Structure formats: structure tokens, C-alpha cells
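Below is one structure, written out as C-alpha cells; the observations come after it.
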Amino acid sequence: MLYVSLIFIATFAAFHYLALVLHLYWIYWWADIIMHFFAGICGALATYAVLFDSGWWKLWQKEFPSILTRMLIVFVCVMIVGVAWEIFEYANGLTDSIEGYALDIAHDLIMDASGAIFALWIVRRFLKFF
């Protein structure tokens, strides 16, 4: 699972680099949407791999026995990073958007959450890791 998340993160980093170099975030309004969805997927896979697939899970197994609790922990971690990213954007003056900044924040966080939920569904449904 760790290798799968690392492959996703490397792919995400490459796409982000290309989007910055080619100014895709400023040319295509929807590029930010795709990257936030992909970031949610990467964040959920990496968080799951670190917390529950790396061996640390044995330390917490009695505290978080249910599948729903583990999925909620991963989701909350992804959302914390998403909010931190929005604070970073605001602090660095990256607040230009077509729809207005408040709507952009809401849309970005919804896409982060959607990506995380999609990744958790994939892990639960197809990989049977939970």
C-alpha cells in the first residue's frame, strides 16, 4: 500500500510541476479542481499507509477497532491538510479565482473530501485492506 501511495504522490507532484511551469492553473480554471481531487486521493492513500499499514496500527488496534473509525481518522487527516493548504494560499496571496475566493475555498475543500472518500472507497472495495 505504501508503494501505491508513493506512485500516486510522485504522479501528483509531476502534474503539479507541469501545471506550474506551463501556467495551467491560470489558463484552465478546471486544473485546480482536478489537482484538489487528486490531492485528496494521494492524502488518503498515504495517511492510510502510514497509520494503518505500516505496523503502527498494532499499537492502536484496541483503540480504533472499527472500520468506520479508521476511515474517519483518514478523512479528518486529509481535511486538516486541505485546510492548511488553503491557509497557505491565503498567506501567500494566491487568492485570485473566477468564482470568488470564498467559493474557491469551499470548492477546493469539497474536491479534497471527494478525493479522500473515493480513495477510501477504492481501498475498502477493491484492495480489502480495511
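In the C-alpha cells, chains take the letters A, B, ... in the order shown, each chain's residues start at 1, and ligands count up from 1 in the order shown.
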
Which residues are near A:Ala113? Cut-off 9 Å, only C-alpha atoms, ignore same chain within fewer than 4 positions. Put them as a list in words. His36, Phe37, Gly40, Ile41, Phe75, Val78, Met79, Gly82, Asp108, Leu109, Ile117 and Phe118 of chain A

Please produce an output containing N, CA and C atoms for each residue in the selection, written as a PDB file, in the first residue's frame.
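Everything below was put into selection_36.pdb:
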```
ATOM      1  N   HIS A  36      -7.015  19.191  -6.795  1.00  0.00           N
ATOM      2  CA  HIS A  36      -7.516  19.024  -5.429  1.00  0.00           C
ATOM      3  C   HIS A  36      -8.135  17.637  -5.239  1.00  0.00           C
ATOM      4  N   PHE A  37      -8.828  17.151  -6.247  1.00  0.00           N
ATOM      5  CA  PHE A  37      -9.377  15.795  -6.168  1.00  0.00           C
ATOM      6  C   PHE A  37      -8.238  14.771  -6.063  1.00  0.00           C
ATOM      7  N   GLY A  40      -6.631  14.819  -2.678  1.00  0.00           N
ATOM      8  CA  GLY A  40      -7.414  14.063  -1.703  1.00  0.00           C
ATOM      9  C   GLY A  40      -7.150  12.569  -1.793  1.00  0.00           C
ATOM     10  N   ILE A  41      -7.035  12.066  -3.017  1.00  0.00           N
ATOM     11  CA  ILE A  41      -6.721  10.648  -3.210  1.00  0.00           C
ATOM     12  C   ILE A  41      -5.338  10.332  -2.644  1.00  0.00           C
ATOM     13  N   PHE A  75      -9.970  10.454   6.817  1.00  0.00           N
ATOM     14  CA  PHE A  75     -10.688  11.587   6.228  1.00  0.00           C
ATOM     15  C   PHE A  75     -10.352  12.892   6.949  1.00  0.00           C
ATOM     16  N   VAL A  78      -6.866  14.148   6.041  1.00  0.00           N
ATOM     17  CA  VAL A  78      -6.849  14.758   4.709  1.00  0.00           C
ATOM     18  C   VAL A  78      -7.454  16.153   4.758  1.00  0.00           C
ATOM     19  N   MET A  79      -8.537  16.316   5.479  1.00  0.00           N
ATOM     20  CA  MET A  79      -9.179  17.622   5.556  1.00  0.00           C
ATOM     21  C   MET A  79      -8.325  18.639   6.324  1.00  0.00           C
ATOM     22  N   GLY A  82      -5.923  19.810   3.825  1.00  0.00           N
ATOM     23  CA  GLY A  82      -6.616  20.670   2.873  1.00  0.00           C
ATOM     24  C   GLY A  82      -6.844  22.071   3.418  1.00  0.00           C
ATOM     25  N   ASP A 108     -12.586  23.862  -3.325  1.00  0.00           N
ATOM     26  CA  ASP A 108     -11.339  23.112  -3.137  1.00  0.00           C
ATOM     27  C   ASP A 108     -11.469  22.081  -2.020  1.00  0.00           C
ATOM     28  N   LEU A 109     -12.093  22.470  -0.907  1.00  0.00           N
ATOM     29  CA  LEU A 109     -12.248  21.533   0.203  1.00  0.00           C
ATOM     30  C   LEU A 109     -13.225  20.408  -0.134  1.00  0.00           C
ATOM     31  N   ILE A 117     -12.717  10.445  -0.039  1.00  0.00           N
ATOM     32  CA  ILE A 117     -13.789   9.448   0.020  1.00  0.00           C
ATOM     33  C   ILE A 117     -13.636   8.433  -1.108  1.00  0.00           C
ATOM     34  N   PHE A 118     -13.286   8.898  -2.296  1.00  0.00           N
ATOM     35  CA  PHE A 118     -13.071   7.982  -3.421  1.00  0.00           C
ATOM     36  C   PHE A 118     -11.930   7.014  -3.119  1.00  0.00           C
TER      37      PHE A 118
END
```

| query | Where does DSSP see helix (DSSP H, G or I) in stretch 58-127 of chain A, if you list the residues as a VMD selection string? | reply | chain A and resid 58 to 60 67 to 91 101 to 127

Please provide as a count of residues only all residues within 9 Å of A:Phe8, with the sequence filter that same-chain residues fewer than 3 positions apart are discarded (counting only C-alpha atoms).
11

Discussion item. I need the residue nearest A:Phe52 from this list: A:Glu99, A:Ile27, A:His16, A:Met1. Use only C-alpha atoms for the distance.
Written reply: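 Of the candidates, the smallest distance to A:Phe52 is held by A:Met1.
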